[in-house]
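Heads up, structure_14.cif below (mmCIF, N, CA and C atoms):
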data_protein
loop_
_atom_site.group_PDB
_atom_site.id
_atom_site.type_symbol
_atom_site.label_atom_id
_atom_site.label_comp_id
_atom_site.auth_asym_id
_atom_site.auth_seq_id
_atom_site.Cartn_x
_atom_site.Cartn_y
_atom_site.Cartn_z
ATOM 1 N N MET A 1 79.529 113.909 162.147
ATOM 2 C CA MET A 1 80.636 113.211 161.522
ATOM 3 C C MET A 1 80.845 113.832 160.141
ATOM 4 N N SER A 2 82.020 114.335 159.905
ATOM 5 C CA SER A 2 82.295 115.022 158.652
ATOM 6 C C SER A 2 82.672 114.021 157.550
ATOM 7 N N ASP A 3 82.739 114.528 156.333
ATOM 8 C CA ASP A 3 83.116 113.680 155.199
ATOM 9 C C ASP A 3 84.509 113.092 155.388
ATOM 10 N N GLU A 4 85.407 113.902 155.930
ATOM 11 C CA GLU A 4 86.780 113.426 156.145
ATOM 12 C C GLU A 4 86.822 112.286 157.162
ATOM 13 N N GLU A 5 86.003 112.392 158.194
ATOM 14 C CA GLU A 5 85.951 111.320 159.197
ATOM 15 C C GLU A 5 85.374 110.034 158.607
ATOM 16 N N ILE A 6 84.393 110.162 157.722
ATOM 17 C CA ILE A 6 83.808 108.994 157.059
ATOM 18 C C ILE A 6 84.855 108.315 156.193
ATOM 19 N N ILE A 7 85.590 109.101 155.411
ATOM 20 C CA ILE A 7 86.629 108.546 154.536
ATOM 21 C C ILE A 7 87.758 107.941 155.358
ATOM 22 N N LYS A 8 88.103 108.579 156.467
ATOM 23 C CA LYS A 8 89.166 108.049 157.333
ATOM 24 C C LYS A 8 88.762 106.685 157.904
ATOM 25 N N SER A 9 87.523 106.561 158.353
ATOM 26 C CA SER A 9 87.038 105.278 158.865
ATOM 27 C C SER A 9 87.065 104.216 157.770
ATOM 28 N N TRP A 10 86.686 104.611 156.561
ATOM 29 C CA TRP A 10 86.689 103.697 155.408
ATOM 30 C C TRP A 10 88.114 103.238 155.109
ATOM 31 N N ASN A 11 89.072 104.154 155.157
ATOM 32 C CA ASN A 11 90.465 103.813 154.880
ATOM 33 C C ASN A 11 91.078 102.944 155.972
ATOM 34 N N LEU A 12 90.542 103.024 157.187
ATOM 35 C CA LEU A 12 91.043 102.186 158.271
ATOM 36 C C LEU A 12 90.623 100.725 158.102
ATOM 37 N N GLY A 13 89.732 100.457 157.167
ATOM 38 C CA GLY A 13 89.338 99.084 156.882
ATOM 39 C C GLY A 13 87.940 98.725 157.326
ATOM 40 N N LEU A 14 87.168 99.700 157.792
ATOM 41 C CA LEU A 14 85.797 99.400 158.179
ATOM 42 C C LEU A 14 84.959 99.146 156.932
ATOM 43 N N SER A 15 83.980 98.269 157.060
ATOM 44 C CA SER A 15 83.085 98.013 155.939
ATOM 45 C C SER A 15 82.123 99.182 155.772
ATOM 46 N N LYS A 16 81.418 99.194 154.661
ATOM 47 C CA LYS A 16 80.462 100.262 154.399
ATOM 48 C C LYS A 16 79.392 100.289 155.481
ATOM 49 N N MET A 17 78.900 99.132 155.868
ATOM 50 C CA MET A 17 77.852 99.070 156.887
ATOM 51 C C MET A 17 78.367 99.509 158.257
ATOM 52 N N ALA A 18 79.624 99.217 158.563
ATOM 53 C CA ALA A 18 80.198 99.656 159.836
ATOM 54 C C ALA A 18 80.305 101.182 159.874
ATOM 55 N N VAL A 19 80.674 101.780 158.752
ATOM 56 C CA VAL A 19 80.751 103.243 158.676
ATOM 57 C C VAL A 19 79.346 103.841 158.792
ATOM 58 N N VAL A 20 78.372 103.202 158.146
ATOM 59 C CA VAL A 20 76.983 103.667 158.225
ATOM 60 C C VAL A 20 76.492 103.605 159.669
ATOM 61 N N ASN A 21 76.746 102.494 160.342
ATOM 62 C CA ASN A 21 76.318 102.363 161.737
ATOM 63 C C ASN A 21 76.999 103.392 162.626
ATOM 64 N N GLN A 22 78.270 103.642 162.373
ATOM 65 C CA GLN A 22 79.013 104.633 163.149
ATOM 66 C C GLN A 22 78.422 106.026 162.930
ATOM 67 N N TYR A 23 78.120 106.374 161.675
ATOM 68 C CA TYR A 23 77.523 107.665 161.358
ATOM 69 C C TYR A 23 76.149 107.802 162.013
ATOM 70 N N MET A 24 75.345 106.731 161.940
ATOM 71 C CA MET A 24 74.000 106.759 162.504
ATOM 72 C C MET A 24 74.051 106.945 164.025
ATOM 73 N N ARG A 25 74.936 106.218 164.700
ATOM 74 C CA ARG A 25 75.067 106.355 166.148
ATOM 75 C C ARG A 25 75.493 107.771 166.530
ATOM 76 N N ASN A 26 76.467 108.307 165.783
ATOM 77 C CA ASN A 26 76.966 109.646 166.070
ATOM 78 C C ASN A 26 75.863 110.681 165.865
ATOM 79 N N HIS A 27 75.122 110.577 164.771
ATOM 80 C CA HIS A 27 74.061 111.533 164.481
ATOM 81 C C HIS A 27 72.947 111.439 165.515
ATOM 82 N N ASN A 28 72.544 110.217 165.863
ATOM 83 C CA ASN A 28 71.458 110.053 166.820
ATOM 84 C C ASN A 28 71.869 110.480 168.225
ATOM 85 N N ARG A 29 73.143 110.353 168.555
ATOM 86 C CA ARG A 29 73.626 110.821 169.858
ATOM 87 C C ARG A 29 73.514 112.342 169.938
ATOM 88 N N THR A 30 73.885 113.037 168.864
ATOM 89 C CA THR A 30 73.755 114.498 168.879
ATOM 90 C C THR A 30 72.295 114.917 168.790
ATOM 91 N N ALA A 31 71.457 114.102 168.127
ATOM 92 C CA ALA A 31 70.032 114.417 168.044
ATOM 93 C C ALA A 31 69.375 114.310 169.415
ATOM 94 N N ARG A 32 69.865 113.415 170.251
ATOM 95 C CA ARG A 32 69.331 113.268 171.600
ATOM 96 C C ARG A 32 69.654 114.515 172.423
ATOM 97 N N ASP A 33 70.843 115.088 172.187
ATOM 98 C CA ASP A 33 71.237 116.292 172.919
ATOM 99 C C ASP A 33 70.484 117.521 172.441
ATOM 100 N N LYS A 34 70.243 117.580 171.140
ATOM 101 C CA LYS A 34 69.494 118.696 170.559
ATOM 102 C C LYS A 34 68.067 118.213 170.318
ATOM 103 N N LYS A 35 67.119 118.840 170.914
ATOM 104 C CA LYS A 35 65.734 118.365 170.851
ATOM 105 C C LYS A 35 65.088 118.576 169.485
ATOM 106 N N ASP A 36 65.574 119.536 168.687
ATOM 107 C CA ASP A 36 64.930 119.850 167.417
ATOM 108 C C ASP A 36 65.412 118.974 166.256
ATOM 109 N N VAL A 37 66.461 118.199 166.454
ATOM 110 C CA VAL A 37 67.006 117.348 165.389
ATOM 111 C C VAL A 37 66.382 115.959 165.494
ATOM 112 N N LYS A 38 65.913 115.433 164.340
ATOM 113 C CA LYS A 38 65.288 114.113 164.349
ATOM 114 C C LYS A 38 66.327 113.021 164.227
ATOM 115 N N ARG A 39 66.000 111.865 164.806
ATOM 116 C CA ARG A 39 66.864 110.693 164.677
ATOM 117 C C ARG A 39 66.731 110.133 163.278
ATOM 118 N N ILE A 40 67.776 109.444 162.794
ATOM 119 C CA ILE A 40 67.750 108.874 161.449
ATOM 120 C C ILE A 40 67.799 107.357 161.537
ATOM 121 N N THR A 41 67.342 106.723 160.449
ATOM 122 C CA THR A 41 67.372 105.271 160.348
ATOM 123 C C THR A 41 68.640 104.847 159.623
ATOM 124 N N LYS A 42 68.844 103.542 159.562
ATOM 125 C CA LYS A 42 70.019 103.010 158.884
ATOM 126 C C LYS A 42 69.978 103.331 157.386
ATOM 127 N N GLU A 43 68.784 103.279 156.789
ATOM 128 C CA GLU A 43 68.653 103.589 155.365
ATOM 129 C C GLU A 43 68.984 105.050 155.068
ATOM 130 N N GLN A 44 68.560 105.942 155.943
ATOM 131 C CA GLN A 44 68.871 107.357 155.758
ATOM 132 C C GLN A 44 70.366 107.613 155.918
ATOM 133 N N ALA A 45 70.979 106.931 156.863
ATOM 134 C CA ALA A 45 72.424 107.073 157.041
ATOM 135 C C ALA A 45 73.165 106.534 155.825
ATOM 136 N N MET A 46 72.662 105.439 155.256
ATOM 137 C CA MET A 46 73.301 104.861 154.079
ATOM 138 C C MET A 46 73.194 105.803 152.884
ATOM 139 N N ARG A 47 72.047 106.490 152.760
ATOM 140 C CA ARG A 47 71.885 107.456 151.673
ATOM 141 C C ARG A 47 72.853 108.633 151.794
ATOM 142 N N TYR A 48 73.325 108.912 152.987
ATOM 143 C CA TYR A 48 74.290 109.989 153.174
ATOM 144 C C TYR A 48 75.727 109.502 152.958
ATOM 145 N N VAL A 49 76.050 108.313 153.453
ATOM 146 C CA VAL A 49 77.429 107.817 153.446
ATOM 147 C C VAL A 49 77.853 107.278 152.084
ATOM 148 N N GLU A 50 76.971 106.535 151.412
ATOM 149 C CA GLU A 50 77.357 105.893 150.152
ATOM 150 C C GLU A 50 77.852 106.866 149.082
ATOM 151 N N PRO A 51 77.180 107.997 148.841
ATOM 152 C CA PRO A 51 77.709 108.935 147.832
ATOM 153 C C PRO A 51 79.086 109.491 148.177
ATOM 154 N N ILE A 52 79.358 109.680 149.455
ATOM 155 C CA ILE A 52 80.668 110.189 149.872
ATOM 156 C C ILE A 52 81.744 109.164 149.543
ATOM 157 N N LEU A 53 81.486 107.897 149.872
ATOM 158 C CA LEU A 53 82.459 106.843 149.578
ATOM 159 C C LEU A 53 82.617 106.636 148.078
ATOM 160 N N PHE A 54 81.513 106.712 147.330
ATOM 161 C CA PHE A 54 81.568 106.548 145.884
ATOM 162 C C PHE A 54 82.386 107.661 145.236
ATOM 163 N N LYS A 55 82.137 108.898 145.663
ATOM 164 C CA LYS A 55 82.880 110.041 145.119
ATOM 165 C C LYS A 55 84.368 109.902 145.420
ATOM 166 N N TYR A 56 84.705 109.478 146.632
ATOM 167 C CA TYR A 56 86.098 109.288 147.017
ATOM 168 C C TYR A 56 86.761 108.212 146.161
ATOM 169 N N GLU A 57 86.083 107.095 145.966
ATOM 170 C CA GLU A 57 86.641 106.009 145.156
ATOM 171 C C GLU A 57 86.828 106.435 143.701
ATOM 172 N N MET A 58 85.883 107.180 143.161
ATOM 173 C CA MET A 58 86.007 107.637 141.765
ATOM 174 C C MET A 58 87.173 108.605 141.616
ATOM 175 N N GLN A 59 87.362 109.496 142.570
ATOM 176 C CA GLN A 59 88.503 110.417 142.502
ATOM 177 C C GLN A 59 89.813 109.666 142.613
ATOM 178 N N ARG A 60 89.832 108.644 143.455
ATOM 179 C CA ARG A 60 91.042 107.844 143.618
ATOM 180 C C ARG A 60 91.358 107.064 142.345
ATOM 181 N N MET A 61 90.354 106.555 141.674
ATOM 182 C CA MET A 61 90.553 105.805 140.435
ATOM 183 C C MET A 61 91.025 106.722 139.310
ATOM 184 N N LYS A 62 90.517 107.947 139.255
ATOM 185 C CA LYS A 62 90.912 108.880 138.214
ATOM 186 C C LYS A 62 92.352 109.336 138.375
ATOM 187 N N SER A 63 92.831 109.360 139.621
ATOM 188 C CA SER A 63 94.193 109.828 139.856
ATOM 189 C C SER A 63 95.242 108.760 139.523
ATOM 190 N N ILE A 64 94.808 107.523 139.351
ATOM 191 C CA ILE A 64 95.763 106.443 139.044
ATOM 192 C C ILE A 64 96.132 106.456 137.586
#

As structure tokens:
Amino acid sequence: MSDEEIIKSWNLGLSKMAVVNQYMRNHNRTARDKKDVKRITKEQAMRYVEPILFKYEMQRMKSI
């Protein structure tokens, strides 16, 4: 799931936790297909998603 897809889901009205769960499911699904990639927990997914959403919100606030 790319940064743009995360931001798009956020803009569609999903909560932060819903985006985190979506990212975690997507990552773990691909990890199941690839044997060398480890599965991630909800906390690890949150550590990846939150900075992306924060950066997006800060850029949006600066442009106003």

At a cut-off of 8 Å, using only C-alpha atoms, what residues contact A:Lys42? Leave out same-chain residues fewer than 3 positions from it and give the result as a short mmCIF file (atom, residue, chain, number, x, y, z; two decimals) with N, CA and C atoms, in the coordinates of the input.
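Contents of the output file part-v7.cif:
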data_model
loop_
_atom_site.label_atom_id
_atom_site.label_comp_id
_atom_site.auth_asym_id
_atom_site.auth_seq_id
_atom_site.Cartn_x
_atom_site.Cartn_y
_atom_site.Cartn_z
N VAL A 20 78.37 103.20 158.15
CA VAL A 20 76.98 103.67 158.22
C VAL A 20 76.49 103.60 159.67
N ASN A 21 76.75 102.49 160.34
CA ASN A 21 76.32 102.36 161.74
C ASN A 21 77.00 103.39 162.63
N MET A 24 75.34 106.73 161.94
CA MET A 24 74.00 106.76 162.50
C MET A 24 74.05 106.94 164.02
N ALA A 45 70.98 106.93 156.86
CA ALA A 45 72.42 107.07 157.04
C ALA A 45 73.17 106.53 155.82
N MET A 46 72.66 105.44 155.26
CA MET A 46 73.30 104.86 154.08
C MET A 46 73.19 105.80 152.88
#

**Study point:** Two-atom distance - atom N of A:Lys16, atom CA of A:Lys34 (Å)
**Key:**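 Separating atom N of A:Lys16 from atom CA of A:Lys34 is a distance of 27.8 Å.
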
**Study point:** All residues 8 Å or closer to A:Tyr23, all atoms listed in the file, same chain fewer than 4 positions away omitted, as a list in words
**Key:**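 The contact residues come out as Met1, Ile6, Met17, Ala18, Val19, His27, Asn28, Arg29, Ala45, Met46 and Val49 of chain A.
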
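Straight-line separation from atom CA of A:Lys38 to atom CA of A:Glu50: 20.4 Å.
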
Exercise for review: Would you return as a PyMOL selection string the members of stretch 14-50 of chain A that DSSP assigns to alpha helix (DSSP H) on this structure's backbone?
Suggested key: chain A and resi 16-33+42-50
